[in-house]
>>> print(open('data_39.cif').read())   # mmCIF, C-alpha atoms
data_final
loop_
_atom_site.label_atom_id
_atom_site.label_comp_id
_atom_site.auth_asym_id
_atom_site.auth_seq_id
_atom_site.Cartn_x
_atom_site.Cartn_y
_atom_site.Cartn_z
CA MET A 1 -32.71 -42.73 6.49
CA ASN A 2 -31.23 -39.23 6.29
CA LYS A 3 -28.38 -37.88 8.40
CA SER A 4 -30.61 -36.07 10.90
CA GLU A 5 -32.51 -39.31 11.54
CA GLN A 6 -29.19 -41.08 12.15
CA GLY A 7 -28.32 -38.57 14.87
CA PHE A 8 -25.89 -36.39 12.87
CA PRO A 9 -25.95 -32.75 13.93
CA PRO A 10 -27.39 -30.43 11.29
CA GLN A 11 -24.07 -28.57 10.91
CA VAL A 12 -22.16 -31.57 9.48
CA GLU A 13 -22.22 -30.26 5.91
CA SER A 14 -21.00 -26.79 6.96
CA TRP A 15 -18.27 -28.39 9.07
CA ASP A 16 -17.13 -30.40 6.06
CA SER A 17 -17.04 -27.21 4.00
CA THR A 18 -15.01 -25.44 6.68
CA VAL A 19 -12.48 -28.27 6.78
CA ALA A 20 -12.22 -28.34 2.99
CA ARG A 21 -11.75 -24.57 2.89
CA ALA A 22 -9.09 -24.72 5.60
CA MET A 23 -7.26 -27.48 3.74
CA GLU A 24 -7.34 -25.47 0.51
CA GLN A 25 -6.02 -22.37 2.29
CA ALA A 26 -3.24 -24.47 3.82
CA ARG A 27 -2.39 -25.86 0.40
CA GLN A 28 -2.25 -22.36 -1.10
CA ARG A 29 -0.03 -21.14 1.75
CA ALA A 30 2.31 -24.09 1.26
CA GLN A 31 2.44 -23.45 -2.49
CA LYS A 32 3.14 -19.76 -1.93
CA ALA A 33 5.89 -20.59 0.58
CA GLN A 34 7.41 -23.04 -1.90
CA GLU A 35 7.35 -20.42 -4.67
CA GLU A 36 8.90 -17.82 -2.36
CA ASN A 37 11.64 -20.26 -1.30
CA LEU A 38 12.34 -21.07 -4.94
CA ALA A 39 12.48 -17.36 -5.82
CA LYS A 40 14.79 -16.74 -2.87
CA SER A 41 17.08 -19.59 -3.90
CA GLU A 42 17.25 -18.28 -7.47
CA PHE A 43 17.87 -14.80 -6.13
CA LEU A 44 20.77 -15.94 -3.94
CA ALA A 45 22.32 -17.87 -6.82
CA GLU A 46 22.06 -14.85 -9.13
CA LEU A 47 23.20 -12.48 -6.38
CA SER A 48 26.45 -14.37 -5.94
CA HIS A 49 27.07 -13.87 -9.66
CA GLU A 50 26.04 -10.20 -9.48
CA LEU A 51 28.51 -9.56 -6.66
CA ARG A 52 31.38 -11.50 -8.21
CA THR A 53 31.16 -9.71 -11.58
CA PRO A 54 32.05 -6.16 -10.41
CA LEU A 55 34.37 -7.52 -7.69
CA ASN A 56 36.38 -9.53 -10.23
CA GLY A 57 36.44 -6.53 -12.55
CA LEU A 58 37.68 -4.29 -9.76
CA LEU A 59 40.43 -6.68 -8.68
CA GLY A 60 41.41 -7.34 -12.29
CA MET A 61 41.81 -3.64 -13.07
CA VAL A 62 43.90 -3.11 -9.93
CA ASP A 63 46.21 -5.95 -10.99
CA LEU A 64 46.60 -4.38 -14.43
CA MET A 65 47.33 -0.97 -12.90
CA LEU A 66 50.07 -2.49 -10.73
CA ASN A 67 51.71 -4.12 -13.73
CA THR A 68 51.91 -1.22 -16.16
CA ASP A 69 53.97 1.96 -16.28
CA ASP A 70 51.80 3.53 -18.98
CA LEU A 71 50.00 6.43 -17.25
CA SER A 72 47.23 6.66 -19.87
CA GLN A 73 46.53 2.94 -19.48
CA ARG A 74 46.51 3.30 -15.71
CA LYS A 75 43.85 6.00 -16.00
CA ASN A 76 41.66 3.76 -18.18
CA TYR A 77 42.05 0.90 -15.73
CA ALA A 78 41.27 3.23 -12.81
CA ASP A 79 38.10 4.53 -14.52
CA PHE A 80 36.87 1.00 -15.14
CA ALA A 81 37.71 -0.02 -11.56
CA HIS A 82 35.73 2.98 -10.31
CA ARG A 83 32.67 1.91 -12.32
CA CYS A 84 32.97 -1.60 -10.93
CA GLY A 85 33.15 -0.13 -7.42
CA ASP A 86 29.99 1.89 -8.05
CA MET A 87 28.16 -1.24 -9.25
CA LEU A 88 29.29 -3.16 -6.18
CA GLN A 89 28.18 -0.37 -3.85
CA ASP A 90 24.74 -0.20 -5.48
CA LEU A 91 24.26 -3.94 -5.00
CA ILE A 92 25.35 -3.85 -1.36
CA ASP A 93 23.17 -0.80 -0.64
CA ALA A 94 20.12 -2.57 -2.10
CA ILE A 95 20.74 -5.69 -0.02
CA LEU A 96 21.24 -3.67 3.19
CA ASP A 97 18.13 -1.56 2.56
CA PHE A 98 16.01 -4.64 1.93
CA SER A 99 17.35 -6.36 5.05
CA GLN A 100 16.70 -3.31 7.23
CA LEU A 101 13.19 -2.85 5.87
CA GLU A 102 12.40 -6.54 6.42
CA THR A 103 13.44 -6.29 10.08
CA GLY A 104 11.92 -2.84 10.63
CA ASP A 105 15.26 -1.26 11.52
CA ILE A 106 14.76 1.90 9.42
CA PRO A 107 12.94 4.62 11.40
CA LYS A 108 10.67 7.16 9.73
CA THR A 109 11.98 10.70 10.09
CA THR A 110 10.17 13.98 9.58
CA LYS A 111 11.87 17.23 8.67
CA ALA A 112 11.29 20.28 6.49
CA PHE A 113 12.28 20.14 2.82
CA ALA A 114 11.69 22.14 -0.36
CA PRO A 115 10.09 20.02 -3.12
CA TYR A 116 11.61 22.07 -5.95
CA LYS A 117 15.11 21.62 -4.48
CA LEU A 118 14.46 17.88 -4.19
CA PHE A 119 13.56 17.76 -7.88
CA GLU A 120 16.62 19.83 -8.84
CA GLU A 121 18.89 17.47 -6.90
CA ILE A 122 17.42 14.33 -8.48
CA GLU A 123 17.65 15.88 -11.94
CA ARG A 124 21.37 16.59 -11.42
CA LEU A 125 21.98 13.08 -10.13
CA MET A 126 20.16 11.34 -13.00
CA PHE A 127 21.15 13.66 -15.87
CA ALA A 128 24.29 11.75 -16.88
CA GLN A 129 22.53 8.39 -16.85
CA ALA A 130 19.75 9.73 -19.09
CA SER A 131 22.16 11.57 -21.38
CA ASP A 132 24.18 8.41 -21.99
CA LYS A 133 21.07 6.95 -23.66
CA GLU A 134 20.07 10.28 -25.27
CA LEU A 135 16.86 10.40 -23.25
CA TRP A 136 15.07 13.63 -22.39
CA LEU A 137 14.62 13.96 -18.63
CA LYS A 138 12.01 16.46 -17.47
CA PHE A 139 10.62 17.37 -14.05
CA GLN A 140 7.28 19.09 -13.49
CA LEU A 141 6.06 20.46 -10.17
CA ASP A 142 2.39 21.35 -9.65
CA PRO A 143 2.15 25.09 -8.81
CA ALA A 144 -0.18 24.14 -5.96
CA VAL A 145 2.63 22.28 -4.17
CA PRO A 146 3.74 24.32 -1.12
CA GLU A 147 7.28 25.71 -1.08
CA GLU A 148 8.02 23.74 2.07
CA LEU A 149 6.71 20.38 3.28
CA TRP A 150 7.50 18.11 6.21
CA GLY A 151 8.25 14.43 5.69
CA ASP A 152 10.97 11.84 5.19
CA GLU A 153 12.85 13.55 2.35
CA ALA A 154 15.64 10.95 2.25
CA ARG A 155 13.22 8.08 1.66
CA ILE A 156 11.20 10.03 -0.90
CA ARG A 157 14.43 10.76 -2.76
CA GLN A 158 15.43 7.09 -2.62
CA VAL A 159 12.13 5.93 -4.13
CA LEU A 160 12.20 8.57 -6.88
CA ILE A 161 15.82 7.82 -7.82
CA ASN A 162 15.02 4.12 -7.96
CA LEU A 163 11.98 4.66 -10.18
CA VAL A 164 13.77 7.11 -12.50
CA SER A 165 16.79 4.81 -12.79
CA ASN A 166 14.50 1.88 -13.55
CA SER A 167 12.71 3.86 -16.27
CA ILE A 168 16.01 4.88 -17.85
CA LYS A 169 17.18 1.27 -17.81
CA PHE A 170 14.12 0.04 -19.72
CA THR A 171 13.72 2.98 -22.12
CA SER A 172 15.72 3.03 -25.33
CA LYS A 173 14.44 6.32 -26.79
CA GLY A 174 12.13 9.17 -25.92
CA HIS A 175 11.79 10.74 -22.49
CA ILE A 176 11.35 10.22 -18.75
CA SER A 177 8.89 12.56 -17.04
CA VAL A 178 8.76 13.07 -13.26
CA ASN A 179 5.74 14.86 -11.78
CA MET A 180 4.50 15.92 -8.37
CA THR A 181 0.86 16.91 -7.90
CA ILE A 182 -1.51 17.61 -5.01
CA GLN A 183 -4.31 15.08 -4.58
CA GLU A 184 -5.82 16.28 -1.29
CA LYS A 185 -5.18 19.35 0.83
CA SER A 186 -6.04 20.56 4.32
CA PRO A 187 -4.65 23.40 6.46
CA ASP A 188 -2.01 21.17 8.06
CA SER A 189 -1.42 18.37 5.53
CA VAL A 190 -1.41 17.40 1.86
CA ARG A 191 -1.55 14.12 0.01
CA VAL A 192 0.88 14.30 -2.87
CA LYS A 193 1.32 12.08 -5.89
CA PHE A 194 4.71 11.44 -7.46
CA SER A 195 4.74 9.82 -10.89
CA VAL A 196 7.54 8.66 -13.17
CA SER A 197 6.48 8.10 -16.79
CA ASP A 198 8.59 6.74 -19.62
CA THR A 199 8.36 5.82 -23.29
CA GLY A 200 9.83 2.35 -22.79
CA HIS A 201 8.52 -1.03 -23.87
CA GLY A 202 5.97 -1.25 -21.04
CA VAL A 203 5.11 -3.95 -18.52
CA PRO A 204 2.84 -6.88 -19.49
CA LYS A 205 -0.42 -6.91 -17.54
CA GLU A 206 0.10 -10.44 -16.22
CA ILE A 207 3.19 -9.40 -14.22
CA GLN A 208 2.21 -5.88 -13.15
CA GLN A 209 1.27 -6.88 -9.58
CA ARG A 210 4.10 -9.38 -9.23
CA ILE A 211 6.66 -6.76 -10.20
CA PHE A 212 6.68 -5.34 -6.65
CA LEU A 213 7.51 -8.73 -5.11
CA PRO A 214 11.05 -9.28 -3.79
CA TYR A 215 13.47 -11.11 -6.08
CA PHE A 216 11.18 -10.61 -9.08
CA ARG A 217 12.62 -9.29 -12.36
CA GLY A 218 10.19 -7.73 -14.82
CA ASP A 219 12.45 -8.75 -17.68
CA PRO A 220 13.79 -12.29 -17.09
CA PHE A 221 16.35 -11.82 -19.87
CA ARG A 222 18.07 -9.02 -17.97
CA LYS A 223 20.47 -10.31 -15.34
CA ASP A 224 21.68 -6.98 -13.98
CA GLY A 225 20.54 -5.78 -10.58
CA THR A 226 19.16 -7.66 -7.58
CA GLY A 227 15.44 -7.72 -8.33
CA LEU A 228 14.89 -5.87 -5.03
CA GLY A 229 14.46 -2.27 -6.22
CA LEU A 230 10.69 -2.10 -6.65
CA SER A 231 10.11 -4.22 -3.56
CA ILE A 232 12.21 -1.75 -1.56
CA CYS A 233 10.18 1.14 -3.03
CA LYS A 234 6.92 -0.53 -2.04
CA GLN A 235 8.06 -1.16 1.52
CA ILE A 236 9.32 2.41 1.92
CA VAL A 237 6.11 3.94 0.54
CA GLU A 238 3.94 1.77 2.79
CA ARG A 239 6.11 2.75 5.75
CA LEU A 240 5.35 6.37 4.84
CA ASP A 241 1.61 5.52 5.03
CA GLY A 242 1.26 5.65 1.26
CA GLU A 243 0.56 3.40 -1.70
CA ILE A 244 2.42 2.61 -4.91
CA ASP A 245 1.29 1.17 -8.24
CA LEU A 246 1.83 1.38 -11.98
CA GLU A 247 -0.06 1.89 -15.21
CA SER A 248 1.40 0.34 -18.34
CA LYS A 249 0.65 -1.09 -21.74
CA PRO A 250 3.21 -3.08 -23.74
CA GLY A 251 4.81 -0.88 -26.36
CA MET A 252 3.32 2.31 -24.88
CA GLY A 253 5.53 2.97 -21.88
CA SER A 254 4.86 2.88 -18.15
CA THR A 255 3.94 5.20 -15.32
CA PHE A 256 5.00 4.24 -11.81
CA TRP A 257 3.35 6.38 -9.15
CA PHE A 258 3.09 6.64 -5.41
CA GLU A 259 0.96 8.77 -3.08
CA ILE A 260 1.96 9.76 0.45
CA PRO A 261 0.72 12.20 3.09
CA LEU A 262 2.98 15.11 4.04
CA GLU A 263 2.68 17.78 6.69
CA VAL A 264 2.28 21.51 6.14
CA ARG A 265 3.58 23.62 8.99
CA LYS A 266 3.54 27.36 9.33
CA ARG A 267 6.71 29.10 10.31
CA PRO A 268 6.45 30.86 13.70
#
>>> encode(input="data_39.cif", output="structure tokens")
Amino acid sequence: MNKSEQGFPPQVESWDSTVARAMEQARQRAQKAQEENLAKSEFLAELSHELRTPLNGLLGMVDLMLNTDDLSQRKNYADFAHRCGDMLQDLIDAILDFSQLETGDIPKTTKAFAPYKLFEEIERLMFAQASDKELWLKFQLDPAVPEELWGDEARIRQVLINLVSNSIKFTSKGHISVNMTIQEKSPDSVRVKFSVSDTGHGVPKEIQQRIFLPYFRGDPFRKDGTGLGLSICKQIVERLDGEIDLESKPGMGSTFWFEIPLEVRKRP
């Protein structure tokens, strides 16, 4: 006797499939939550170390300065303390940015800015970091880019600085190239693409999508930084109604890019 002859409704099999699918989805969600909790725990453990390192260095240099009368030594100690302070500030800024983005506390602002001035400013800011590693830093602006655009310049700058700094960190020789091109254009708006290319060691394909997750480090052997930088970039770009991704092959460098819409307004 089959199931229909026993009085079972004809949808029993589909119901069983639905239950099985729901159970599998629940299992995957639980596994993902467990992995995220593990990553967060590892992040917090490493973060405490990351914060203590520059803080201990800063306090140690101050103690040395207070216990020496040698002016040249005091200057060396002060320079080192200053570098430790910069490291500590970068870590705290990253944590605060991530926290604000997670809670939605950072508003999107729109104001006029000149793309070429933005590039000049970033080049000045990143020049010393690139020069320390003898890397060539070049910026290229598409001639089709308008002289003035409207958008959240501060957040665009933050993403670009983060991407350039990341490329410098993982590039031992060669160059870093920053480009801005027009992808789409209308009378009152443009969709622009920013790209940061390097000649570094590249990102393995199996981790390319995971690299934008919070707490994830592309190079597990490097213990500097919070592992939040690319996640912050992704959240900022998505908040600007854009998208971010990368193209990379191991040993052949990487290109991180993001596209966002910007306004074009005519002066009265």
>>> atom_distance(input="data_39.cif", atom1="CA of Val196 (chain A)", atom2="CA of Ser167 (chain A)")
7.7 Å
>>> closest_residue(input="data_39.cif", among="A:Arg27, A:His82, A:Lys108, A:Lys75", to="Arg155 (chain A)", atoms="only C-alpha atoms")
A:Lys108
>>> atom_distance(input="data_39.cif", atom1="CA of Gly151 (chain A)", atom2="CA of Asp245 (chain A)")
20.5 Å
>>> residues_near_point(input="data_39.cif", point="(12.2, 16.5, -14.5)", cutoff="10 Å", atoms="all atoms listed in the file", output="MDAnalysis selection string")
chainID A and resid 119:120 122:124 126:127 136:141 164 175:180 196
>>> closest_residue(input="data_39.cif", among="A:Thr199, A:Val190, A:Phe113, A:Val237", to="Phe212 (chain A)", atoms="all atoms listed in the file")
A:Val237
>>> resolve_selection(input="data_39.cif", expression="the PyMOL selection byres ((chain A and resi 261) around 8)", output="PyMOL selection string")
chain A and resi 189-192+240-242+259-260+262-263
>>> write_last_selection(input="data_39.cif", atoms="C-alpha atoms", output="PDB file, in the coordinates of the input")
ATOM      1  CA  SER A 189      -1.420  18.370   5.530  1.00  0.00           C
ATOM      2  CA  VAL A 190      -1.410  17.400   1.860  1.00  0.00           C
ATOM      3  CA  ARG A 191      -1.550  14.120   0.010  1.00  0.00           C
ATOM      4  CA  VAL A 192       0.880  14.300  -2.870  1.00  0.00           C
ATOM      5  CA  LEU A 240       5.350   6.370   4.840  1.00  0.00           C
ATOM      6  CA  ASP A 241       1.610   5.520   5.030  1.00  0.00           C
ATOM      7  CA  GLY A 242       1.260   5.650   1.260  1.00  0.00           C
ATOM      8  CA  GLU A 259       0.960   8.770  -3.080  1.00  0.00           C
ATOM      9  CA  ILE A 260       1.960   9.760   0.450  1.00  0.00           C
ATOM     10  CA  LEU A 262       2.980  15.110   4.040  1.00  0.00           C
ATOM     11  CA  GLU A 263       2.680  17.780   6.690  1.00  0.00           C
TER      12      GLU A 263
END
>>> closest_residue(input="data_39.cif", among="A:Lys266, A:Lys185, A:Lys249, A:Arg83", to="Pro204 (chain A)", atoms="all atoms listed in the file")
A:Lys249
>>> residues_around(input="data_39.cif", residues="Ile244 (chain A)", least_positions_apart="2", cutoff="10 Å", atoms="only C-alpha atoms", output="PyMOL selection string")
chain A and resi 193-195+212+230+233-238+242+246+256-260
>>> closest_residue(input="data_39.cif", among="A:Ser197, A:Thr109, A:Asn76, A:Asn56", to="Leu163 (chain A)", atoms="only C-alpha atoms")
A:Ser197
>>> closest_residue(input="data_39.cif", among="A:Arg29, A:Arg74, A:Arg21, A:Lys173", to="Asp132 (chain A)", atoms="all atoms listed in the file")
A:Lys173
>>> closest_residue(input="data_39.cif", among="A:Asp198, A:Glu206, A:Glu147, A:Glu24", to="Met252 (chain A)", atoms="all atoms listed in the file")
A:Asp198
>>> atom_distance(input="data_39.cif", atom1="CA of Gly202 (chain A)", atom2="CA of Ser172 (chain A)")
11.5 Å
>>> resolve_selection(input="data_39.cif", expression="the PyMOL selection byres ((chain A and resi 57) around 10)", output="number ranges by chain")
A: 52-56, 58-63, 77, 80-85
>>> build_atoms(input="data_39.cif", residues="region 121-148 of chain A", atoms="N, CA and C atoms", output="PDB file, in the coordinates of the input")
ATOM      1  N   GLU A 121      17.819  18.384  -7.312  1.00  0.00           N
ATOM      2  CA  GLU A 121      18.890  17.470  -6.900  1.00  0.00           C
ATOM      3  C   GLU A 121      18.804  16.153  -7.667  1.00  0.00           C
ATOM      4  N   ILE A 122      17.597  15.597  -7.770  1.00  0.00           N
ATOM      5  CA  ILE A 122      17.420  14.330  -8.480  1.00  0.00           C
ATOM      6  C   ILE A 122      17.741  14.497  -9.959  1.00  0.00           C
ATOM      7  N   GLU A 123      17.361  15.632 -10.527  1.00  0.00           N
ATOM      8  CA  GLU A 123      17.650  15.880 -11.940  1.00  0.00           C
ATOM      9  C   GLU A 123      19.161  15.905 -12.172  1.00  0.00           C
ATOM     10  N   ARG A 124      19.908  16.553 -11.279  1.00  0.00           N
ATOM     11  CA  ARG A 124      21.370  16.590 -11.420  1.00  0.00           C
ATOM     12  C   ARG A 124      21.971  15.194 -11.297  1.00  0.00           C
ATOM     13  N   LEU A 125      21.446  14.418 -10.365  1.00  0.00           N
ATOM     14  CA  LEU A 125      21.980  13.080 -10.130  1.00  0.00           C
ATOM     15  C   LEU A 125      21.725  12.138 -11.309  1.00  0.00           C
ATOM     16  N   MET A 126      20.561  12.281 -11.958  1.00  0.00           N
ATOM     17  CA  MET A 126      20.160  11.340 -13.000  1.00  0.00           C
ATOM     18  C   MET A 126      20.470  11.834 -14.409  1.00  0.00           C
ATOM     19  N   PHE A 127      20.945  13.070 -14.541  1.00  0.00           N
ATOM     20  CA  PHE A 127      21.150  13.660 -15.870  1.00  0.00           C
ATOM     21  C   PHE A 127      22.134  12.847 -16.714  1.00  0.00           C
ATOM     22  N   ALA A 128      23.269  12.476 -16.114  1.00  0.00           N
ATOM     23  CA  ALA A 128      24.290  11.750 -16.880  1.00  0.00           C
ATOM     24  C   ALA A 128      23.775  10.408 -17.360  1.00  0.00           C
ATOM     25  N   GLN A 129      23.065   9.700 -16.487  1.00  0.00           N
ATOM     26  CA  GLN A 129      22.530   8.390 -16.850  1.00  0.00           C
ATOM     27  C   GLN A 129      21.551   8.489 -18.016  1.00  0.00           C
ATOM     28  N   ALA A 130      20.700   9.536 -17.992  1.00  0.00           N
ATOM     29  CA  ALA A 130      19.750   9.730 -19.090  1.00  0.00           C
ATOM     30  C   ALA A 130      20.458  10.178 -20.359  1.00  0.00           C
ATOM     31  N   SER A 131      21.441  11.048 -20.218  1.00  0.00           N
ATOM     32  CA  SER A 131      22.160  11.570 -21.380  1.00  0.00           C
ATOM     33  C   SER A 131      22.925  10.465 -22.109  1.00  0.00           C
ATOM     34  N   ASP A 132      23.449   9.506 -21.364  1.00  0.00           N
ATOM     35  CA  ASP A 132      24.180   8.410 -21.990  1.00  0.00           C
ATOM     36  C   ASP A 132      23.318   7.648 -22.982  1.00  0.00           C
ATOM     37  N   LYS A 133      21.987   7.645 -22.755  1.00  0.00           N
ATOM     38  CA  LYS A 133      21.070   6.950 -23.660  1.00  0.00           C
ATOM     39  C   LYS A 133      20.300   7.937 -24.551  1.00  0.00           C
ATOM     40  N   GLU A 134      20.708   9.214 -24.494  1.00  0.00           N
ATOM     41  CA  GLU A 134      20.070  10.280 -25.270  1.00  0.00           C
ATOM     42  C   GLU A 134      18.576  10.381 -24.975  1.00  0.00           C
ATOM     43  N   LEU A 135      18.247  10.273 -23.694  1.00  0.00           N
ATOM     44  CA  LEU A 135      16.860  10.400 -23.250  1.00  0.00           C
ATOM     45  C   LEU A 135      16.632  11.788 -22.668  1.00  0.00           C
ATOM     46  N   TRP A 136      15.442  12.324 -22.927  1.00  0.00           N
ATOM     47  CA  TRP A 136      15.070  13.630 -22.390  1.00  0.00           C
ATOM     48  C   TRP A 136      14.484  13.423 -20.997  1.00  0.00           C
ATOM     49  N   LEU A 137      15.064  14.077 -20.010  1.00  0.00           N
ATOM     50  CA  LEU A 137      14.620  13.960 -18.630  1.00  0.00           C
ATOM     51  C   LEU A 137      13.974  15.267 -18.202  1.00  0.00           C
ATOM     52  N   LYS A 138      12.695  15.218 -17.853  1.00  0.00           N
ATOM     53  CA  LYS A 138      12.010  16.460 -17.470  1.00  0.00           C
ATOM     54  C   LYS A 138      11.264  16.288 -16.150  1.00  0.00           C
ATOM     55  N   PHE A 139      11.274  17.364 -15.355  1.00  0.00           N
ATOM     56  CA  PHE A 139      10.620  17.370 -14.050  1.00  0.00           C
ATOM     57  C   PHE A 139       9.564  18.468 -14.032  1.00  0.00           C
ATOM     58  N   GLN A 140       8.390  18.126 -13.543  1.00  0.00           N
ATOM     59  CA  GLN A 140       7.280  19.090 -13.490  1.00  0.00           C
ATOM     60  C   GLN A 140       6.682  19.092 -12.088  1.00  0.00           C
ATOM     61  N   LEU A 141       6.584  20.294 -11.520  1.00  0.00           N
ATOM     62  CA  LEU A 141       6.060  20.460 -10.170  1.00  0.00           C
ATOM     63  C   LEU A 141       4.754  21.242 -10.236  1.00  0.00           C
ATOM     64  N   ASP A 142       3.689  20.680  -9.683  1.00  0.00           N
ATOM     65  CA  ASP A 142       2.390  21.350  -9.650  1.00  0.00           C
ATOM     66  C   ASP A 142       2.535  22.686  -8.900  1.00  0.00           C
ATOM     67  N   PRO A 143       2.062  23.797  -9.490  1.00  0.00           N
ATOM     68  CA  PRO A 143       2.150  25.090  -8.810  1.00  0.00           C
ATOM     69  C   PRO A 143       1.464  25.109  -7.443  1.00  0.00           C
ATOM     70  N   ALA A 144       0.529  24.186  -7.239  1.00  0.00           N
ATOM     71  CA  ALA A 144      -0.180  24.140  -5.960  1.00  0.00           C
ATOM     72  C   ALA A 144       0.648  23.513  -4.835  1.00  0.00           C
ATOM     73  N   VAL A 145       1.780  22.893  -5.183  1.00  0.00           N
ATOM     74  CA  VAL A 145       2.630  22.280  -4.170  1.00  0.00           C
ATOM     75  C   VAL A 145       3.270  23.370  -3.311  1.00  0.00           C
ATOM     76  N   PRO A 146       3.133  23.301  -1.984  1.00  0.00           N
ATOM     77  CA  PRO A 146       3.740  24.320  -1.120  1.00  0.00           C
ATOM     78  C   PRO A 146       5.250  24.382  -1.270  1.00  0.00           C
ATOM     79  N   GLU A 147       5.819  25.546  -0.969  1.00  0.00           N
ATOM     80  CA  GLU A 147       7.280  25.710  -1.080  1.00  0.00           C
ATOM     81  C   GLU A 147       8.026  24.865  -0.067  1.00  0.00           C
ATOM     82  N   GLU A 148       7.375  24.556   1.043  1.00  0.00           N
ATOM     83  CA  GLU A 148       8.020  23.740   2.070  1.00  0.00           C
ATOM     84  C   GLU A 148       7.029  22.700   2.595  1.00  0.00           C
TER      85      GLU A 148
END
